[in-house]
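What follows is run.cif (mmCIF, C-alpha atoms and all ligand atoms).
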```cif
data_model
#
loop_
_atom_site.label_atom_id
_atom_site.label_comp_id
_atom_site.auth_asym_id
_atom_site.auth_seq_id
_atom_site.Cartn_x
_atom_site.Cartn_y
_atom_site.Cartn_z
CA MET A 1 77.91 96.23 -170.57
CA PRO A 2 76.21 92.83 -170.64
CA ILE A 3 74.00 91.93 -167.73
CA ILE A 4 75.68 89.07 -165.90
CA THR A 5 73.24 86.54 -164.54
CA THR A 6 75.42 83.63 -163.44
CA LYS A 7 76.91 82.64 -160.09
CA GLN A 8 80.41 83.34 -161.43
CA PRO A 9 80.45 86.79 -163.06
CA GLU A 10 84.22 86.73 -163.73
CA ILE A 11 84.00 83.47 -165.66
CA SER A 12 80.96 84.78 -167.57
CA ASN A 13 82.96 87.86 -168.52
CA LEU A 14 85.86 85.73 -169.68
CA PHE A 15 83.63 83.68 -171.97
CA THR A 16 81.73 86.69 -173.26
CA ASN A 17 85.11 88.06 -174.28
CA LEU A 18 86.27 84.79 -175.84
CA ILE A 19 83.09 84.52 -177.89
CA GLU A 20 83.24 88.15 -178.92
CA THR A 21 86.82 87.82 -180.16
CA ASN A 22 86.20 84.39 -181.67
CA ARG A 23 88.79 82.66 -179.49
CA LEU A 24 86.68 79.86 -178.04
CA GLN A 25 88.72 76.65 -177.77
CA HIS A 26 87.69 73.06 -178.48
CA ALA A 27 87.77 71.76 -174.93
CA TYR A 28 87.39 73.16 -171.44
CA ILE A 29 87.46 71.54 -168.02
CA PHE A 30 85.20 73.24 -165.48
CA GLU A 31 86.55 72.30 -162.08
CA GLY A 32 85.04 73.18 -158.69
CA VAL A 33 82.98 71.79 -155.79
CA ALA A 34 79.25 71.10 -156.19
CA GLY A 35 77.13 74.21 -156.24
CA THR A 36 79.69 76.56 -157.78
CA GLY A 37 77.60 76.83 -160.97
CA LYS A 38 79.52 74.71 -163.50
CA TYR A 39 76.53 73.31 -165.38
CA GLU A 40 74.71 76.62 -165.21
CA MET A 41 77.78 78.25 -166.79
CA ALA A 42 77.99 75.63 -169.56
CA GLN A 43 74.35 76.29 -170.41
CA TRP A 44 74.87 80.03 -170.24
CA ILE A 45 77.78 79.79 -172.69
CA ALA A 46 75.65 77.70 -175.06
CA GLN A 47 72.87 80.29 -174.73
CA SER A 48 75.37 83.08 -175.46
CA LEU A 49 76.29 81.30 -178.68
CA TYR A 50 72.79 80.46 -179.91
CA CYS A 51 70.59 83.25 -178.50
CA GLN A 52 68.52 84.86 -181.26
CA LYS A 53 68.51 88.26 -179.64
CA ASN A 54 72.19 88.23 -178.78
CA THR A 55 73.28 90.01 -181.93
CA ASN A 56 76.56 91.46 -180.69
CA ASN A 57 77.93 88.39 -178.91
CA GLN A 58 77.15 89.49 -175.39
CA SER A 59 74.82 88.09 -172.73
CA PRO A 60 71.99 85.75 -173.75
CA CYS A 61 68.41 86.99 -173.31
CA LEU A 62 67.33 83.74 -171.55
CA GLU A 63 63.86 84.24 -173.05
CA CYS A 64 64.00 83.41 -176.75
CA ASN A 65 63.20 80.00 -178.19
CA GLN A 66 66.88 79.05 -178.44
CA CYS A 67 67.69 80.10 -174.87
CA LEU A 68 64.67 78.25 -173.50
CA ARG A 69 65.41 75.05 -175.41
CA ILE A 70 68.96 75.02 -174.06
CA GLN A 71 67.64 75.64 -170.55
CA GLN A 72 65.29 72.65 -170.93
CA GLY A 73 68.00 70.40 -172.37
CA ASP A 74 66.10 70.25 -175.64
CA HIS A 75 68.36 71.93 -178.20
CA PRO A 76 69.51 69.91 -181.24
CA ASP A 77 73.07 71.29 -181.14
CA VAL A 78 73.66 71.15 -177.40
CA THR A 79 74.14 67.69 -175.94
CA THR A 80 74.63 66.85 -172.28
CA LEU A 81 76.28 63.60 -171.27
CA ALA A 82 75.83 62.36 -167.69
CA PRO A 83 76.56 59.09 -165.85
CA ASP A 84 74.28 56.19 -166.69
CA GLY A 85 74.16 54.62 -163.23
CA LEU A 86 77.58 54.91 -161.65
CA SER A 87 79.63 55.76 -164.71
CA ILE A 88 79.72 57.29 -168.17
CA LYS A 89 80.24 54.33 -170.47
CA VAL A 90 81.98 53.97 -173.81
CA ASP A 91 78.68 53.25 -175.59
CA GLN A 92 77.32 56.60 -174.49
CA VAL A 93 80.36 58.40 -175.92
CA ARG A 94 80.18 56.39 -179.16
CA ALA A 95 76.50 57.24 -179.59
CA ILE A 96 77.25 60.93 -179.30
CA LYS A 97 80.19 60.75 -181.71
CA GLU A 98 77.95 59.03 -184.22
CA GLU A 99 75.23 61.59 -183.79
CA PHE A 100 77.69 64.45 -184.21
CA SER A 101 79.30 62.97 -187.30
CA LYS A 102 75.87 62.44 -188.93
CA SER A 103 75.15 66.12 -188.72
CA GLY A 104 78.76 66.90 -189.51
CA MET A 105 77.78 67.97 -193.02
CA GLU A 106 76.07 70.98 -191.62
CA THR A 107 78.28 73.83 -190.59
CA ARG A 108 76.43 74.48 -187.38
CA ARG A 109 78.41 74.63 -184.18
CA LYS A 110 77.92 71.77 -181.72
CA ILE A 111 78.30 71.81 -178.00
CA LEU A 112 78.94 68.83 -175.76
CA ILE A 113 78.61 69.21 -172.01
CA VAL A 114 79.85 66.29 -169.89
CA LYS A 115 78.60 66.20 -166.29
CA ASP A 116 80.69 64.31 -163.69
CA MET A 117 83.58 63.78 -166.10
CA ASP A 118 85.47 62.01 -163.27
CA LYS A 119 82.90 59.19 -163.50
CA MET A 120 83.82 58.40 -167.10
CA THR A 121 85.33 54.94 -167.64
CA MET A 122 88.84 54.66 -169.08
CA ASN A 123 87.49 53.28 -172.37
CA ALA A 124 84.96 56.05 -172.69
CA ALA A 125 87.57 58.70 -171.91
CA ASN A 126 89.91 57.30 -174.57
CA SER A 127 87.08 57.35 -177.06
CA LEU A 128 86.29 60.94 -176.15
CA LEU A 129 89.97 61.86 -176.42
CA LYS A 130 90.01 61.10 -180.14
CA PHE A 131 87.01 63.35 -180.49
CA ILE A 132 88.84 66.20 -178.76
CA GLU A 133 91.95 65.67 -180.87
CA GLU A 134 90.20 65.46 -184.22
CA PRO A 135 86.91 67.30 -183.96
CA GLU A 136 84.69 67.30 -187.02
CA GLY A 137 83.37 70.77 -187.63
CA GLU A 138 83.08 73.44 -185.02
CA ILE A 139 82.72 71.77 -181.65
CA THR A 140 83.04 73.07 -178.10
CA ILE A 141 83.35 70.48 -175.35
CA MET A 142 82.91 71.36 -171.67
CA LEU A 143 83.95 68.73 -169.15
CA LEU A 144 82.51 69.31 -165.67
CA THR A 145 84.17 67.82 -162.61
CA THR A 146 84.69 68.16 -158.89
CA GLU A 147 87.94 66.18 -159.05
CA VAL A 148 90.22 67.16 -161.88
CA GLN A 149 92.97 64.86 -160.57
CA GLN A 150 90.74 61.89 -161.44
CA LEU A 151 90.77 62.73 -165.15
CA LEU A 152 92.97 61.12 -167.76
CA PRO A 153 96.15 63.27 -168.04
CA THR A 154 95.93 63.13 -171.83
CA ILE A 155 92.50 64.75 -171.66
CA VAL A 156 93.59 67.36 -169.11
CA SER A 157 96.54 68.34 -171.30
CA ARG A 158 94.26 68.99 -174.27
CA ALA A 159 91.73 71.11 -172.45
CA GLN A 160 91.87 74.44 -170.73
CA ILE A 161 91.05 74.24 -167.02
CA ILE A 162 88.68 76.84 -165.63
CA HIS A 163 88.54 76.81 -161.83
CA PHE A 164 85.16 77.64 -160.27
CA PRO A 165 85.84 79.25 -156.89
CA VAL A 166 83.72 78.74 -153.79
CA ARG A 167 81.26 81.59 -153.49
CA ASP A 168 81.30 83.94 -150.52
CA ILE A 169 79.17 82.82 -147.56
CA SER A 170 77.09 86.03 -147.52
CA ILE A 171 76.15 85.53 -151.19
CA ARG A 172 75.17 81.93 -150.46
CA ILE A 173 73.00 83.05 -147.52
CA ASP A 174 71.27 85.62 -149.75
CA ASP A 175 70.57 82.95 -152.39
CA ILE A 176 68.98 80.69 -149.76
CA LEU A 177 66.97 83.56 -148.25
CA GLU A 178 65.61 84.24 -151.72
CA LYS A 179 64.09 80.75 -151.68
CA GLY A 180 61.93 81.86 -148.76
CA ILE A 181 63.90 80.06 -146.05
CA PRO A 182 64.15 81.94 -142.71
CA ARG A 183 67.52 83.52 -141.87
CA GLU A 184 68.23 81.29 -138.84
CA ALA A 185 68.11 78.19 -141.03
CA ALA A 186 69.68 79.90 -144.05
CA THR A 187 72.92 80.77 -142.23
CA ILE A 188 73.31 77.16 -141.09
CA LEU A 189 72.46 75.74 -144.53
CA ALA A 190 74.89 78.07 -146.31
CA TYR A 191 77.70 76.57 -144.25
CA LEU A 192 76.52 73.00 -144.88
CA THR A 193 76.45 73.20 -148.67
CA GLN A 194 77.61 75.35 -151.59
CA ASP A 195 74.56 74.34 -153.55
CA THR A 196 71.39 76.41 -153.08
CA ASP A 197 69.13 73.65 -154.44
CA ARG A 198 70.68 71.14 -152.07
CA ALA A 199 70.18 73.62 -149.20
CA VAL A 200 66.47 73.79 -150.00
CA GLU A 201 66.31 70.00 -150.17
CA ILE A 202 67.93 69.65 -146.72
CA TYR A 203 65.64 72.31 -145.27
CA GLU A 204 62.54 70.64 -146.64
CA SER A 205 63.39 67.24 -145.20
CA GLU A 206 61.15 66.91 -142.18
CA GLU A 207 64.02 66.07 -139.84
CA PHE A 208 66.21 69.12 -140.42
CA ASN A 209 64.70 71.47 -137.84
CA ASN A 210 64.48 68.71 -135.25
CA ILE A 211 68.09 67.72 -135.77
CA VAL A 212 69.27 71.32 -135.40
CA GLU A 213 67.33 71.52 -132.11
CA ILE A 214 68.67 68.28 -130.62
CA VAL A 215 72.26 69.13 -131.61
CA TRP A 216 71.93 72.47 -129.85
CA LYS A 217 70.59 70.79 -126.70
CA TRP A 218 73.32 68.16 -126.83
CA PHE A 219 75.96 70.84 -127.26
CA LEU A 220 74.70 72.64 -124.13
CA LEU A 221 74.69 69.39 -122.11
CA LEU A 222 78.24 68.60 -123.23
CA HIS A 223 79.36 71.72 -121.38
CA LYS A 224 76.99 71.54 -118.42
CA ASN A 225 76.52 67.92 -117.51
CA LYS A 226 78.61 65.16 -119.11
CA ASP A 227 76.45 62.31 -117.68
CA GLN A 228 73.28 63.79 -119.08
CA ALA A 229 75.01 64.42 -122.39
CA LEU A 230 75.79 60.69 -122.57
CA ILE A 231 72.23 59.69 -121.70
CA TYR A 232 70.93 62.19 -124.26
CA ILE A 233 72.75 60.27 -126.98
CA GLN A 234 70.55 57.24 -126.32
CA THR A 235 67.31 59.07 -125.65
CA ASP A 236 67.40 61.70 -128.38
CA ILE A 237 70.46 61.81 -130.61
CA MET A 238 70.13 58.19 -131.72
CA THR A 239 66.48 58.74 -132.74
CA PHE A 240 68.06 60.37 -135.79
CA GLY A 241 71.63 59.18 -135.53
CA SER A 242 70.84 55.60 -136.56
CA ASN A 243 70.42 56.97 -140.07
CA ARG A 244 73.94 57.48 -141.56
CA GLU A 245 73.07 60.68 -143.38
CA HIS A 246 71.50 62.17 -140.27
CA ALA A 247 74.44 61.04 -138.12
CA SER A 248 76.76 62.87 -140.47
CA LEU A 249 74.54 65.96 -140.35
CA ILE A 250 74.61 65.86 -136.53
CA LEU A 251 78.41 65.99 -136.57
CA ASP A 252 78.47 68.71 -139.24
CA LEU A 253 76.20 70.84 -137.07
CA LEU A 254 78.34 70.19 -134.01
CA ILE A 255 81.42 71.26 -136.00
CA LEU A 256 79.59 74.44 -137.02
CA LEU A 257 78.84 75.22 -133.38
CA TYR A 258 82.47 74.86 -132.39
CA ARG A 259 83.56 76.94 -135.38
CA ASP A 260 81.10 79.62 -134.18
CA LEU A 261 82.62 79.39 -130.69
CA THR A 262 86.13 79.57 -132.15
CA ALA A 263 85.25 82.70 -134.10
CA ILE A 264 83.80 84.32 -130.98
CA CYS A 265 86.74 83.33 -128.74
CA PHE A 266 89.38 84.48 -131.20
CA GLU A 267 87.34 87.48 -132.36
CA GLN A 268 87.47 86.30 -135.97
CA GLU A 269 85.25 87.94 -138.52
CA ARG A 270 82.63 85.34 -139.34
CA ILE A 271 78.90 85.16 -139.88
CA ILE A 272 77.72 83.04 -136.94
CA ALA A 273 75.94 79.94 -138.25
CA PHE A 274 73.76 79.47 -135.16
CA SER A 275 72.74 83.13 -135.20
CA LYS A 276 69.70 82.38 -133.05
CA HIS A 277 71.97 81.37 -130.16
CA GLU A 278 74.69 83.98 -130.59
CA ALA A 279 74.07 85.48 -127.14
CA THR A 280 74.44 82.11 -125.40
CA LEU A 281 77.56 81.32 -127.42
CA ASN A 282 79.04 84.65 -126.35
CA GLU A 283 78.39 83.78 -122.71
CA MET A 284 80.06 80.39 -123.11
CA ALA A 285 83.25 81.80 -124.62
CA SER A 286 86.03 81.64 -122.05
CA MET A 287 89.81 81.36 -121.90
CA LYS A 288 89.46 77.84 -120.52
CA LEU A 289 87.36 76.73 -123.47
CA GLN A 290 89.37 78.70 -126.00
CA VAL A 291 92.54 76.63 -125.52
CA ARG A 292 90.62 73.38 -125.97
CA LEU A 293 88.72 74.29 -129.14
CA PRO A 294 91.31 73.06 -131.66
CA ASP A 295 91.41 69.63 -129.97
CA ILE A 296 87.62 69.45 -129.81
CA LEU A 297 87.35 70.18 -133.54
CA THR A 298 89.99 67.55 -134.32
CA LEU A 299 88.04 65.06 -132.20
CA ILE A 300 84.76 65.64 -134.05
CA LEU A 301 86.44 65.58 -137.46
CA ALA A 302 88.00 62.22 -136.53
CA GLY A 303 84.50 61.06 -135.58
CA LYS A 304 83.25 62.05 -139.02
CA LYS A 305 85.98 59.97 -140.61
CA LYS A 306 85.05 56.95 -138.47
CA LEU A 307 81.42 57.39 -139.47
CA SER A 308 82.36 57.23 -143.15
CA ARG A 309 84.16 53.95 -142.39
CA TYR A 310 80.94 52.53 -140.97
CA VAL A 311 81.91 52.60 -137.29
CA SER A 312 78.72 52.57 -135.17
CA ALA A 313 77.28 56.09 -134.90
CA GLN A 314 76.42 55.66 -131.23
CA GLY A 315 80.03 54.67 -130.51
CA VAL A 316 81.27 57.75 -132.36
CA PHE A 317 78.91 60.06 -130.46
CA GLU A 318 79.89 58.52 -127.12
CA GLN A 319 83.59 58.91 -127.87
CA ILE A 320 83.00 62.57 -128.62
CA ALA A 321 80.93 63.15 -125.48
CA LEU A 322 83.54 61.44 -123.27
CA ASN A 323 86.45 63.41 -124.69
CA ILE A 324 85.01 66.90 -125.02
ZN ZN B 1 67.96 84.28 -176.15
#
```
Please go through the file and, once you have read it, give me the structure as structure tokens.
Ligand SMILES: [Zn+2]
Amino acid sequence: MPIITTKQPEISNLFTNLIETNRLQHAYIFEGVAGTGKYEMAQWIAQSLYCQKNTNNQSPCLECNQCLRIQQGDHPDVTTLAPDGLSIKVDQVRAIKEEFSKSGMETRRKILIVKDMDKMTMNAANSLLKFIEEPEGEITIMLLTTEVQQLLPTIVSRAQIIHFPVRDISIRIDDILEKGIPREAATILAYLTQDTDRAVEIYESEEFNNIVEIVWKWFLLLHKNKDQALIYIQTDIMTFGSNREHASLILDLLILLYRDLTAICFEQERIIAFSKHEATLNEMASMKLQVRLPDILTLILAGKKKLSRYVSAQGVFEQIALNI
């Protein structure tokens, strides 16, 4: 059996099988939220195809010259296309078509990986479409996207869609722990993002630990002393909350706390995000609170929506504090 080294073992198995039986198609759409391993998979497939040590079409060694060059984005037959600024433009697609047709005389297989396919302009997508319909030589195209509904229907109909499922929370926590992040933070981060690298980035921002602390204190005040909770918005929450990204993080953390409480109240099976405070959360759980939790979550989610529409963060926080 091949050793599977990707985040999505089932998809790896599928492609190992397709390569082995020579049934690889021209075009695939890899669809799934950020962090589900789409680009990693595209590279892994390319490595499976080119690996020097992979003599019986199984898993790539990840060590040979070919594998390493693909990993570094420096392989002559594997091209990655990504947005130039906000979009992937028609000139970028044309340049790649030209490059591919130049080397079309050779019989070598070519691979094109397109990151953020949903950011491709209409013109560029139409140009790419012709490429998918009439490929020169042996070409495999992998289109990566978080929003398949944004793609041109004519492209979708000519490609096979591979859905990348969200990975289990306990696996995500393990991945983050492996990066040397303490468990208390890792459980929270695993709920905030699917993407391990992004989790590390959030953790390493100097504000993260402080924001987690102030949200916890605010949460306690919201249930002990409403007046103080309102004052706390001005004195502490807004120290971070004036930054949009931080304001959004504050609400995400608050949502996590109420999801923790919901799980405890309804005895749902869930890894508690704020594991450090599990005992206190258990003490807070009551029938009185239990009936209000759905409304509280709706209230905070509405606040998040307002925040994305550039309503003042302080106003959003105050609305939440008044209505919890
Ligand atoms: Zn190799």
Original post:
Could you work out how far atom CA of Leu152 of chain A lies from atom CA of Thr121 of chain A, giving the answer in Å with one decimal?
Top reply: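 Result for atom CA of Thr121 of chain A versus atom CA of Leu152 of chain A: 9.8 Å, one decimal.
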**OP:** Please provide the set of residues having any atom within 12 Å of segment 82-87 of chain A, restricted to all atoms listed in the file, with same-chain residues fewer than 2 positions apart removed, written as a list in words.
**Re:**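 The filter keeps Tyr39, Thr79, Thr80, Lys89, Val90, Asp91, Gln92, Val93, Ile96, Leu112, Ile113, Val114, Lys115, Asp116, Met117, Asp118, Lys119, Met120, Thr121, Met122, Asn123, Ala124, Ala125, Leu143, Leu144 and Thr145 of chain A.
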**OP:** Write out as JSON, numbers by chain the residues lying within 12 Å of Gln8 of chain A, counting all atoms listed in the file and excluding same-chain residues fewer than 2 positions away.
**Re:** {"A": [4, 5, 6, 10, 11, 12, 13, 14, 15, 30, 32, 35, 36, 37, 38, 39, 40, 41, 42, 44, 162, 163, 164, 165, 166, 167, 168, 171]}
Quick one: residues within 12 Å of segment 312-323 of chain A, all atoms listed in the file, excluding same-chain residues fewer than 2 positions away - as a PDB file with C-alpha atoms, in the coordinates of the input?
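Saved as around-v4.pdb:
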```pdb
ATOM      1  CA  VAL A 215      72.260  69.130-131.610  1.00  0.00           C
ATOM      2  CA  TRP A 218      73.320  68.160-126.830  1.00  0.00           C
ATOM      3  CA  PHE A 219      75.960  70.840-127.260  1.00  0.00           C
ATOM      4  CA  LEU A 220      74.700  72.640-124.130  1.00  0.00           C
ATOM      5  CA  LEU A 221      74.690  69.390-122.110  1.00  0.00           C
ATOM      6  CA  LEU A 222      78.240  68.600-123.230  1.00  0.00           C
ATOM      7  CA  HIS A 223      79.360  71.720-121.380  1.00  0.00           C
ATOM      8  CA  LYS A 224      76.990  71.540-118.420  1.00  0.00           C
ATOM      9  CA  ASN A 225      76.520  67.920-117.510  1.00  0.00           C
ATOM     10  CA  LYS A 226      78.610  65.160-119.110  1.00  0.00           C
ATOM     11  CA  ASP A 227      76.450  62.310-117.680  1.00  0.00           C
ATOM     12  CA  GLN A 228      73.280  63.790-119.080  1.00  0.00           C
ATOM     13  CA  ALA A 229      75.010  64.420-122.390  1.00  0.00           C
ATOM     14  CA  LEU A 230      75.790  60.690-122.570  1.00  0.00           C
ATOM     15  CA  ILE A 231      72.230  59.690-121.700  1.00  0.00           C
ATOM     16  CA  TYR A 232      70.930  62.190-124.260  1.00  0.00           C
ATOM     17  CA  ILE A 233      72.750  60.270-126.980  1.00  0.00           C
ATOM     18  CA  GLN A 234      70.550  57.240-126.320  1.00  0.00           C
ATOM     19  CA  THR A 235      67.310  59.070-125.650  1.00  0.00           C
ATOM     20  CA  ASP A 236      67.400  61.700-128.380  1.00  0.00           C
ATOM     21  CA  ILE A 237      70.460  61.810-130.610  1.00  0.00           C
ATOM     22  CA  MET A 238      70.130  58.190-131.720  1.00  0.00           C
ATOM     23  CA  THR A 239      66.480  58.740-132.740  1.00  0.00           C
ATOM     24  CA  PHE A 240      68.060  60.370-135.790  1.00  0.00           C
ATOM     25  CA  GLY A 241      71.630  59.180-135.530  1.00  0.00           C
ATOM     26  CA  SER A 242      70.840  55.600-136.560  1.00  0.00           C
ATOM     27  CA  ASN A 243      70.420  56.970-140.070  1.00  0.00           C
ATOM     28  CA  ARG A 244      73.940  57.480-141.560  1.00  0.00           C
ATOM     29  CA  GLU A 245      73.070  60.680-143.380  1.00  0.00           C
ATOM     30  CA  HIS A 246      71.500  62.170-140.270  1.00  0.00           C
ATOM     31  CA  ALA A 247      74.440  61.040-138.120  1.00  0.00           C
ATOM     32  CA  SER A 248      76.760  62.870-140.470  1.00  0.00           C
ATOM     33  CA  LEU A 249      74.540  65.960-140.350  1.00  0.00           C
ATOM     34  CA  ILE A 250      74.610  65.860-136.530  1.00  0.00           C
ATOM     35  CA  LEU A 251      78.410  65.990-136.570  1.00  0.00           C
ATOM     36  CA  LEU A 254      78.340  70.190-134.010  1.00  0.00           C
ATOM     37  CA  ILE A 255      81.420  71.260-136.000  1.00  0.00           C
ATOM     38  CA  ARG A 292      90.620  73.380-125.970  1.00  0.00           C
ATOM     39  CA  LEU A 293      88.720  74.290-129.140  1.00  0.00           C
ATOM     40  CA  ASP A 295      91.410  69.630-129.970  1.00  0.00           C
ATOM     41  CA  ILE A 296      87.620  69.450-129.810  1.00  0.00           C
ATOM     42  CA  LEU A 297      87.350  70.180-133.540  1.00  0.00           C
ATOM     43  CA  THR A 298      89.990  67.550-134.320  1.00  0.00           C
ATOM     44  CA  LEU A 299      88.040  65.060-132.200  1.00  0.00           C
ATOM     45  CA  ILE A 300      84.760  65.640-134.050  1.00  0.00           C
ATOM     46  CA  LEU A 301      86.440  65.580-137.460  1.00  0.00           C
ATOM     47  CA  ALA A 302      88.000  62.220-136.530  1.00  0.00           C
ATOM     48  CA  GLY A 303      84.500  61.060-135.580  1.00  0.00           C
ATOM     49  CA  LYS A 304      83.250  62.050-139.020  1.00  0.00           C
ATOM     50  CA  LYS A 305      85.980  59.970-140.610  1.00  0.00           C
ATOM     51  CA  LYS A 306      85.050  56.950-138.470  1.00  0.00           C
ATOM     52  CA  LEU A 307      81.420  57.390-139.470  1.00  0.00           C
ATOM     53  CA  SER A 308      82.360  57.230-143.150  1.00  0.00           C
ATOM     54  CA  ARG A 309      84.160  53.950-142.390  1.00  0.00           C
ATOM     55  CA  TYR A 310      80.940  52.530-140.970  1.00  0.00           C
TER      56      TYR A 310
END
```
**OP:** Using all atoms listed in the file, pick whichever of A:Arg69, A:Arg270, A:Arg259, A:Lys110 has the shortest atom-to-atom distance to Ala285 of chain A.
**Re:**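 Nearest candidate to Ala285 of chain A out of A:Arg69, A:Arg270, A:Arg259, A:Lys110: A:Arg259.
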Contacts of ligand ZN 1 (chain B), 10 Å or closer, all atoms listed in the file, given as a compact mmCIF listing (two decimals) with C-alpha atoms, in the coordinates of the input:
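Result saved to selection17.txt:
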```
# COMPACT_ATOMS: atom_id res chain seq x y z
CA GLN A 47 72.87 80.29 -174.73
CA SER A 48 75.37 83.08 -175.46
CA LEU A 49 76.29 81.30 -178.68
CA TYR A 50 72.79 80.46 -179.91
CA CYS A 51 70.59 83.25 -178.50
CA GLN A 52 68.52 84.86 -181.26
CA LYS A 53 68.51 88.26 -179.64
CA ASN A 54 72.19 88.23 -178.78
CA THR A 55 73.28 90.01 -181.93
CA SER A 59 74.82 88.09 -172.73
CA PRO A 60 71.99 85.75 -173.75
CA CYS A 61 68.41 86.99 -173.31
CA LEU A 62 67.33 83.74 -171.55
CA GLU A 63 63.86 84.24 -173.05
CA CYS A 64 64.00 83.41 -176.75
CA ASN A 65 63.20 80.00 -178.19
CA GLN A 66 66.88 79.05 -178.44
CA CYS A 67 67.69 80.10 -174.87
CA LEU A 68 64.67 78.25 -173.50
CA ARG A 69 65.41 75.05 -175.41
CA ILE A 70 68.96 75.02 -174.06
```
Original post:
For the atom pair atom CA of Gly137 of chain A and atom CA of Glu20 of chain A, what is the interatomic distance in Å to one decimal place?
Top reply: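 Atom-to-atom, atom CA of Gly137 of chain A to atom CA of Glu20 of chain A, that is 19.4 Å.
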**OP:** Within 10 Å of Leu192 of chain A, counting all atoms listed in the file, which residues show up once you throw out same-chain ones fewer than 2 positions away? Write them as a ChimeraX atom specification, please.
**Re:** /A:186-190,194-195,198-199,202,249,252-253,256,273
Residue subset to file, keeping C-alpha atoms, as an mmCIF file, keeping the file's coordinate frame:
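The result, written out as selection20.cif:
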```cif
data_model
loop_
_atom_site.group_PDB
_atom_site.id
_atom_site.type_symbol
_atom_site.label_atom_id
_atom_site.label_comp_id
_atom_site.auth_asym_id
_atom_site.auth_seq_id
_atom_site.Cartn_x
_atom_site.Cartn_y
_atom_site.Cartn_z
ATOM 1 C CA ALA A 186 69.680 79.900 -144.050
ATOM 2 C CA THR A 187 72.920 80.770 -142.230
ATOM 3 C CA ILE A 188 73.310 77.160 -141.090
ATOM 4 C CA LEU A 189 72.460 75.740 -144.530
ATOM 5 C CA ALA A 190 74.890 78.070 -146.310
ATOM 6 C CA GLN A 194 77.610 75.350 -151.590
ATOM 7 C CA ASP A 195 74.560 74.340 -153.550
ATOM 8 C CA ARG A 198 70.680 71.140 -152.070
ATOM 9 C CA ALA A 199 70.180 73.620 -149.200
ATOM 10 C CA ILE A 202 67.930 69.650 -146.720
ATOM 11 C CA LEU A 249 74.540 65.960 -140.350
ATOM 12 C CA ASP A 252 78.470 68.710 -139.240
ATOM 13 C CA LEU A 253 76.200 70.840 -137.070
ATOM 14 C CA LEU A 256 79.590 74.440 -137.020
ATOM 15 C CA ALA A 273 75.940 79.940 -138.250
#
```
Extending 5 Å beyond the listed atoms of segment 56-65 of chain A on each side, what axis-aligned box results? I want centre and edge lengths in Å to one decimal, as AutoDock Vina command-line options.
```
--center_x 70.6 --center_y 85.7 --center_z -176.1 --size_x 24.7 --size_y 21.5 --size_z 19.1
```
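Reported to one decimal place, the separation of atom CA of Phe274 of chain A from atom CA of Leu257 of chain A is 6.9 Å.
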**OP:** Go through A:Val78, A:Ile272, A:Leu128, A:Ile111 and flag the residue nearest Ala95 of chain A, using all atoms listed in the file for the distances.
**Re:** A:Leu128
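The closest residue to Ser275 of chain A, picked from A:Glu213, A:Glu31, A:Glu201, A:Asp260 and counting all atoms listed in the file, is A:Asp260.
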**OP:** Fewer than 5 positions away in the same chain doesn't count, so skip those; otherwise give me all residues within 10 Å of Ala27 of chain A, counting all atoms listed in the file, as a ChimeraX atom specification.
**Re:** /A:111-113,132-133,139-143,155-156,158-161
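Comparing A:Lys288, A:Lys179, A:Arg94, A:Arg172 by their smallest distance to Val200 of chain A, the closest is A:Lys179 (using only C-alpha atoms).
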Subject >> Of the listed residues A:Leu177, A:Pro182, A:Ser127, A:Arg109, that which approaches Ile88 of chain A most closely, counting only C-alpha atoms >> reply: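 Smallest separation from Ile88 of chain A among the options: A:Ser127.
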